[in-house]
Every structure is written in structure tokens, then in C-alpha cells.
Amino acid sequence: MNDMKLSYFTNDESFPLFVQFGGHDVPLFIHGHEDFYELVTVMDGSATHIVDGERSTISKGDVFVIGNGISHGFDETKNLRICNIMYRPEMLFSGDLDIRRLPGFHALFLLEPYFNSTQHFQSRLKLTPADFQLIQPLLDTAEREYTSDKPGSRTMVLSCVRQLAVILSRLYETPAKPKEITGIADAAAFMETSFAESISISDVIERSHYSQRHFIRLFSAAYGMTPQRYLIDVRIRHAGALLRDSGLSVTEIAMRCGFDDSNYFSRIFRKYTGTSPSEFRGNK
């Protein structure tokens, strides 16, 4: 299997994003992604999509994300036309606090790429004709601006792609999807929305409808960290934003981010960021 790199499509490290429309009249060989994710929207036609050896039919309106370490390709293509958005997740979603409150964001952009092989690719988003008409102008604008030399084109591309991500996340109806994805997505979104409260990991696990052991295993595998660490990361991320953008005291920020004690907050903040809250604020 060949592993593709984002540099095969763009060498601009200052803007690690690539947008294109493409037709596939012949099969596309099985390949992986070494350093990027790929958001695929099927614009027309159909094909057999092969994901880690599993075969399924895709057609107009299907939307899915292929992450690192997943092999995929197209076979039996019939007038297949797709829009590819290749990106590094840290570019599109780092610091984007609001979109992480949507269970559909976790499901579509973070969990599906990880669980595709175990879910036999059955959890992908299928757009209705009305939904497809809603996102098509964004895809068209993103591609047109990407190939433009106009000032502000990068900002336009990022704006379109991030707006697209929000719309797709809202359209992704997690209750109808596999429990393996929905339980974790709901738990992660719960932490993103309730971090300021005195919630415990048992509260989080209850949202997932899993046993503690099974949930921690699945969550840690998908996110690369335990749910306990994820909750701390959420709180630190929000605290950093308040330190940077508000004039609130450190004590007030600690309280707003779920820390009952400002001294404990300062110790945890330094542990995970390498600097104290006051030093972080002074370096903003």
C-alpha cells in the first residue's frame, strides 16, 4: 500500500490545506494518508469504496472523513465526481472551542476516521437533496478561492471549510449511528459543554451508556488520551482563551473553568502548559 503525504498535493507548509474537484472514471488504487485527513463529498455518480478491505457503495450526497492509518480506494466507478478537502486537523480545528460542543463534530471528524474499519463504513453521513444544495455553494466557493490569487483567498477558504464543518456536524444525527461512535461522541461533547461544572468522570461515562472499563478503553484509543486527561485539556484550553482574551482574575478564570481552587488550577496549568497563568497572560 502506498502512503500519500500532503506535500504530494501542496508544498505550502504555511497553509496545509488542499481543495479540489475530481472525476474518477477508472478505479483509484488503495492508499493511505501519512500526515493528513481527507474530507470527501460525493458530488455525482457512484463507486465501490474500499476501506481497510471492507467494500461499500457510495453515491451522490455521501460525506466521509478518511484519517491517518486508514487505507482506502475506489473500484467500479460510474461517473464518480468528488470534492476532496485534504487538511491537517490542527490547522482547521485548533482553538475552535465552539464546534467541539457538537456531538456530530466528534462523530464525523474525529471518531469515524478511527472506527471506519470496525463499523464497516456504515456510519457515514448521507445528505438529503436539500442538505446537498445547502453545502454545494460552500464547496464551489472554497475550490474557486483556493485556485485564486486574490488577496484574502486563504481567509475565504478557511471560512468556507469551517462553515462546512459546522453544517455537516449539525446534520450528522448521532442517535441513528452505531453506538460505538455515538456513545463516545456524546460523552466528549458533554465534557466540552459542561466543563465549568463539578462533573466527574462517572458523569461522563454515564452519558456513553458503556461500562467504565470499556468506555475508557475506547475513548483512550480514539483520542489518544484518557477521558480524565481530556476533561483537564478542555478546562485548560478554555482557561487559556480567557487568560488571553479577557481581563478576569486568575481566581475567576479558575472558577469558570471547573477548578474549585485557584492554587490547584495554577499548578495544573503550569504542569500542562509549562507556564503559570500569569506568565501565560503576560506572553499573550
# chains A, B, ... in the order shown; residues from 1 in each chain; ligands from 1
>>> closest_atom_pairs(of="range 34-130 of chain A", to="range 221-224 of chain A", cutoff="9 Å", atoms="only C-alpha atoms", output="JSON lines")
{"residue": "A:Leu110", "atom": "CA", "partner": "A:Ala222", "partner_atom": "CA", "distance": 7.8}
{"residue": "A:Leu111", "atom": "CA", "partner": "A:Ala222", "partner_atom": "CA", "distance": 6.5}
{"residue": "A:Tyr114", "atom": "CA", "partner": "A:Ala222", "partner_atom": "CA", "distance": 6.2}
{"residue": "A:Phe115", "atom": "CA", "partner": "A:Ala222", "partner_atom": "CA", "distance": 8.0}
>>> write_last_selection(atoms="N, CA, C and O atoms", output="PDB file, in the first residue's frame")
ATOM      1  N   LEU A 110     -13.718  13.148  14.095  1.00  0.00           N
ATOM      2  CA  LEU A 110     -12.717  12.552  14.975  1.00  0.00           C
ATOM      3  C   LEU A 110     -12.884  11.042  15.153  1.00  0.00           C
ATOM      4  O   LEU A 110     -11.891  10.307  15.160  1.00  0.00           O
ATOM      5  N   LEU A 111     -14.125  10.593  15.302  1.00  0.00           N
ATOM      6  CA  LEU A 111     -14.342   9.184  15.616  1.00  0.00           C
ATOM      7  C   LEU A 111     -14.530   8.307  14.383  1.00  0.00           C
ATOM      8  O   LEU A 111     -14.012   7.189  14.332  1.00  0.00           O
ATOM      9  N   TYR A 114     -11.456   6.988  12.874  1.00  0.00           N
ATOM     10  CA  TYR A 114     -10.815   5.956  13.681  1.00  0.00           C
ATOM     11  C   TYR A 114     -11.581   4.628  13.610  1.00  0.00           C
ATOM     12  O   TYR A 114     -10.985   3.554  13.534  1.00  0.00           O
ATOM     13  N   PHE A 115     -12.913   4.685  13.631  1.00  0.00           N
ATOM     14  CA  PHE A 115     -13.728   3.476  13.725  1.00  0.00           C
ATOM     15  C   PHE A 115     -14.217   2.951  12.381  1.00  0.00           C
ATOM     16  O   PHE A 115     -14.973   1.985  12.341  1.00  0.00           O
TER      17      PHE A 115
END
>>> select_by_dssp(residues="range 13-49 of chain A", states="strand (DSSP E or B)", output="list in words")
Leu17, Phe18, Val19, Gln20, Phe21, Gly22, Gly23, His24, Leu28, Phe29, Ile30, His31, Gly32, His33, Tyr37, Glu38, Leu39, Val40, Thr41, Val42, Met43, Asp44, Gly45, Ser46, Ala47, Thr48 and His49 of chain A
>>> residues_around(residues="range 213-217 of chain A", least_positions_apart="3", cutoff="10 Å", atoms="only C-alpha atoms", output="VMD selection string")
chain A and resid 180 183 to 184 187 201 204 to 206 208 to 210 220 to 222 225 to 228
>>> write_last_selection(atoms="N, CA, C and O atoms", output="compact mmCIF listing (two decimals), in the first residue's frame")
# COMPACT_ATOMS: atom_id res chain seq x y z
N GLU A 180 -21.04 2.55 19.09
CA GLU A 180 -19.61 2.70 19.34
C GLU A 180 -19.14 4.12 19.08
O GLU A 180 -18.23 4.62 19.73
N GLY A 183 -21.93 6.91 21.53
CA GLY A 183 -21.69 6.99 22.97
C GLY A 183 -20.48 7.83 23.30
O GLY A 183 -20.51 8.66 24.22
N ILE A 184 -19.41 7.65 22.55
CA ILE A 184 -18.19 8.41 22.79
C ILE A 184 -18.38 9.86 22.37
O ILE A 184 -17.92 10.79 23.05
N ALA A 187 -20.34 11.70 24.97
CA ALA A 187 -19.55 11.92 26.18
C ALA A 187 -18.54 13.05 25.98
O ALA A 187 -18.36 13.90 26.86
N ILE A 201 -15.81 11.94 36.14
CA ILE A 201 -15.70 11.01 35.01
C ILE A 201 -16.86 10.02 35.02
O ILE A 201 -17.31 9.58 33.97
N VAL A 204 -19.51 11.52 33.04
CA VAL A 204 -19.19 11.42 31.61
C VAL A 204 -19.50 10.02 31.09
O VAL A 204 -20.13 9.85 30.03
N ILE A 205 -19.07 9.02 31.83
CA ILE A 205 -19.27 7.63 31.40
C ILE A 205 -20.76 7.30 31.32
O ILE A 205 -21.20 6.57 30.43
N GLU A 206 -21.54 7.86 32.23
CA GLU A 206 -22.98 7.62 32.22
C GLU A 206 -23.60 8.07 30.90
O GLU A 206 -24.54 7.44 30.39
N SER A 208 -22.29 7.87 28.05
CA SER A 208 -21.88 6.97 26.97
C SER A 208 -22.65 5.66 26.95
O SER A 208 -22.67 4.96 25.94
N HIS A 209 -23.27 5.31 28.10
CA HIS A 209 -24.00 4.05 28.24
C HIS A 209 -23.08 2.83 28.11
O HIS A 209 -23.51 1.75 27.70
N TYR A 210 -21.81 3.02 28.45
CA TYR A 210 -20.84 1.93 28.46
C TYR A 210 -20.44 1.62 29.89
O TYR A 210 -20.62 2.45 30.80
N SER A 220 -9.84 6.24 25.06
CA SER A 220 -8.39 6.43 25.05
C SER A 220 -7.81 6.04 23.70
O SER A 220 -6.88 6.71 23.20
N ALA A 221 -8.33 4.99 23.09
CA ALA A 221 -7.84 4.56 21.79
C ALA A 221 -8.19 5.59 20.71
O ALA A 221 -7.37 5.88 19.83
N ALA A 222 -9.38 6.17 20.77
CA ALA A 222 -9.83 7.10 19.74
C ALA A 222 -9.17 8.48 19.88
O ALA A 222 -8.81 9.10 18.88
N MET A 225 -5.81 9.72 24.60
CA MET A 225 -5.68 10.13 26.00
C MET A 225 -6.88 9.62 26.77
O MET A 225 -7.92 9.29 26.18
N THR A 226 -6.75 9.53 28.09
CA THR A 226 -7.86 9.08 28.91
C THR A 226 -8.94 10.17 28.96
O THR A 226 -8.66 11.35 28.72
N PRO A 227 -10.18 9.80 29.28
CA PRO A 227 -11.21 10.83 29.44
C PRO A 227 -10.89 11.82 30.55
O PRO A 227 -11.22 13.00 30.46
N GLN A 228 -10.20 11.35 31.61
CA GLN A 228 -9.80 12.27 32.68
C GLN A 228 -8.87 13.36 32.13
O GLN A 228 -9.03 14.54 32.44
>>> atom_distance(atom1="CA of Leu138 in chain A", atom2="CA of Met156 in chain A")
10.1 Å
>>> closest_residue(among="A:Met86, A:Val40, A:Leu92, A:Ile199", to="Lys126 in chain A", atoms="only C-alpha atoms")
A:Val40
>>> residues_around(residues="Arg100 in chain A", least_positions_apart="2", cutoff="12 Å", atoms="only C-alpha atoms", output="ChimeraX atom specification")
/A:93-98,102-110,165-166,169-170,185-194,234,237-238
>>> residues_around(residues="Leu80 in chain A", least_positions_apart="4", cutoff="8 Å", atoms="only C-alpha atoms", output="PDB file with N, CA, C and O atoms, in the first residue's frame")
ATOM      1  N   GLY A  23     -12.801  13.889 -10.994  1.00  0.00           N
ATOM      2  CA  GLY A  23     -13.585  12.796 -11.521  1.00  0.00           C
ATOM      3  C   GLY A  23     -12.777  11.514 -11.518  1.00  0.00           C
ATOM      4  O   GLY A  23     -11.552  11.543 -11.693  1.00  0.00           O
ATOM      5  N   HIS A  24     -13.445  10.403 -11.302  1.00  0.00           N
ATOM      6  CA  HIS A  24     -12.775   9.101 -11.300  1.00  0.00           C
ATOM      7  C   HIS A  24     -13.541   8.162 -12.230  1.00  0.00           C
ATOM      8  O   HIS A  24     -14.549   7.560 -11.844  1.00  0.00           O
ATOM      9  N   ASP A  25     -13.058   8.076 -13.458  1.00  0.00           N
ATOM     10  CA  ASP A  25     -13.668   7.164 -14.424  1.00  0.00           C
ATOM     11  C   ASP A  25     -13.027   5.784 -14.377  1.00  0.00           C
ATOM     12  O   ASP A  25     -13.533   4.836 -14.988  1.00  0.00           O
ATOM     13  N   VAL A  42     -19.244  13.219  -2.110  1.00  0.00           N
ATOM     14  CA  VAL A  42     -19.556  12.664  -3.428  1.00  0.00           C
ATOM     15  C   VAL A  42     -20.542  13.598  -4.111  1.00  0.00           C
ATOM     16  O   VAL A  42     -21.684  13.765  -3.678  1.00  0.00           O
ATOM     17  N   MET A  43     -20.083  14.224  -5.201  1.00  0.00           N
ATOM     18  CA  MET A  43     -20.876  15.209  -5.916  1.00  0.00           C
ATOM     19  C   MET A  43     -21.810  14.574  -6.943  1.00  0.00           C
ATOM     20  O   MET A  43     -22.887  15.093  -7.225  1.00  0.00           O
ATOM     21  N   ASP A  44     -21.381  13.441  -7.505  1.00  0.00           N
ATOM     22  CA  ASP A  44     -22.192  12.776  -8.522  1.00  0.00           C
ATOM     23  C   ASP A  44     -21.654  11.361  -8.755  1.00  0.00           C
ATOM     24  O   ASP A  44     -20.519  11.053  -8.390  1.00  0.00           O
ATOM     25  N   GLY A  45     -22.493  10.521  -9.368  1.00  0.00           N
ATOM     26  CA  GLY A  45     -22.062   9.180  -9.713  1.00  0.00           C
ATOM     27  C   GLY A  45     -22.015   8.244  -8.523  1.00  0.00           C
ATOM     28  O   GLY A  45     -22.577   8.516  -7.454  1.00  0.00           O
ATOM     29  N   SER A  46     -21.311   7.136  -8.708  1.00  0.00           N
ATOM     30  CA  SER A  46     -21.224   6.128  -7.662  1.00  0.00           C
ATOM     31  C   SER A  46     -19.933   5.333  -7.820  1.00  0.00           C
ATOM     32  O   SER A  46     -19.246   5.424  -8.835  1.00  0.00           O
ATOM     33  N   ALA A  47     -19.621   4.564  -6.805  1.00  0.00           N
ATOM     34  CA  ALA A  47     -18.430   3.703  -6.833  1.00  0.00           C
ATOM     35  C   ALA A  47     -18.501   2.727  -5.674  1.00  0.00           C
ATOM     36  O   ALA A  47     -19.318   2.882  -4.746  1.00  0.00           O
ATOM     37  N   SER A  59     -22.464   7.035  -3.204  1.00  0.00           N
ATOM     38  CA  SER A  59     -23.146   7.746  -4.282  1.00  0.00           C
ATOM     39  C   SER A  59     -23.343   9.203  -3.892  1.00  0.00           C
ATOM     40  O   SER A  59     -22.961   9.620  -2.782  1.00  0.00           O
TER      41      SER A  59
END
>>> atom_distance(atom1="CA of Phe15 in chain A", atom2="CA of Val157 in chain A")
10.5 Å
>>> residues_around(residues="Asp131 in chain A", least_positions_apart="6", cutoff="10 Å", atoms="only C-alpha atoms", output="VMD selection string")
chain A and resid 61 167 to 168 171
>>> select_by_dssp(residues="range 46-238 of chain A", states="helix (DSSP H, G or I)", output="ChimeraX atom specification")
/A:89-93,99-101,103-115,129-146,153-171,174-176,179-194,201-208,212-223,227-238
>>> residues_around(residues="Thr251 in chain A", least_positions_apart="4", cutoff="12 Å", atoms="only C-alpha atoms", output="ChimeraX atom specification")
/A:239,242-243,247,255-266,277-278
>>> write_last_selection(atoms="C-alpha atoms", output="PDB file, in the first residue's frame")
ATOM      1  CA  ALA A 239      -8.724  28.890  30.677  1.00  0.00           C
ATOM      2  CA  LEU A 242      -9.886  33.563  28.956  1.00  0.00           C
ATOM      3  CA  LEU A 243      -6.357  34.462  30.054  1.00  0.00           C
ATOM      4  CA  GLY A 247      -9.420  40.804  31.946  1.00  0.00           C
ATOM      5  CA  MET A 255     -13.871  29.048  38.898  1.00  0.00           C
ATOM      6  CA  ARG A 256     -15.301  29.480  35.388  1.00  0.00           C
ATOM      7  CA  CYS A 257     -13.272  26.549  34.079  1.00  0.00           C
ATOM      8  CA  GLY A 258     -14.274  23.983  36.678  1.00  0.00           C
ATOM      9  CA  PHE A 259     -11.422  24.390  39.185  1.00  0.00           C
ATOM     10  CA  ASP A 260     -12.585  24.905  42.777  1.00  0.00           C
ATOM     11  CA  ASP A 261      -9.178  26.116  43.958  1.00  0.00           C
ATOM     12  CA  SER A 262      -7.071  28.728  42.160  1.00  0.00           C
ATOM     13  CA  ASN A 263      -3.804  27.360  43.549  1.00  0.00           C
ATOM     14  CA  TYR A 264      -4.628  23.895  42.231  1.00  0.00           C
ATOM     15  CA  PHE A 265      -5.591  25.469  38.904  1.00  0.00           C
ATOM     16  CA  SER A 266      -2.229  27.260  38.716  1.00  0.00           C
ATOM     17  CA  PRO A 277      -1.386  31.552  34.285  1.00  0.00           C
ATOM     18  CA  SER A 278       0.114  34.983  34.971  1.00  0.00           C
TER      19      SER A 278
END
>>> closest_residue(among="A:Ser200, A:Thr57, A:Thr141, A:Thr155", to="Arg229 in chain A", atoms="only C-alpha atoms")
A:Ser200
>>> closest_residue(among="A:Cys160, A:Val51, A:Ile58, A:Leu125", to="Ile85 in chain A", atoms="only C-alpha atoms")
A:Cys160
>>> closest_residue(among="A:Ser276, A:Ser56, A:Thr41, A:Ser202", to="Leu164 in chain A", atoms="only C-alpha atoms")
A:Thr41
>>> closest_residue(among="A:Leu17, A:Cys83, A:Leu28, A:Leu6", to="Leu139 in chain A", atoms="only C-alpha atoms")
A:Cys83
>>> atom_distance(atom1="CA of Ala254 in chain A", atom2="CA of Arg235 in chain A")
8.9 Å
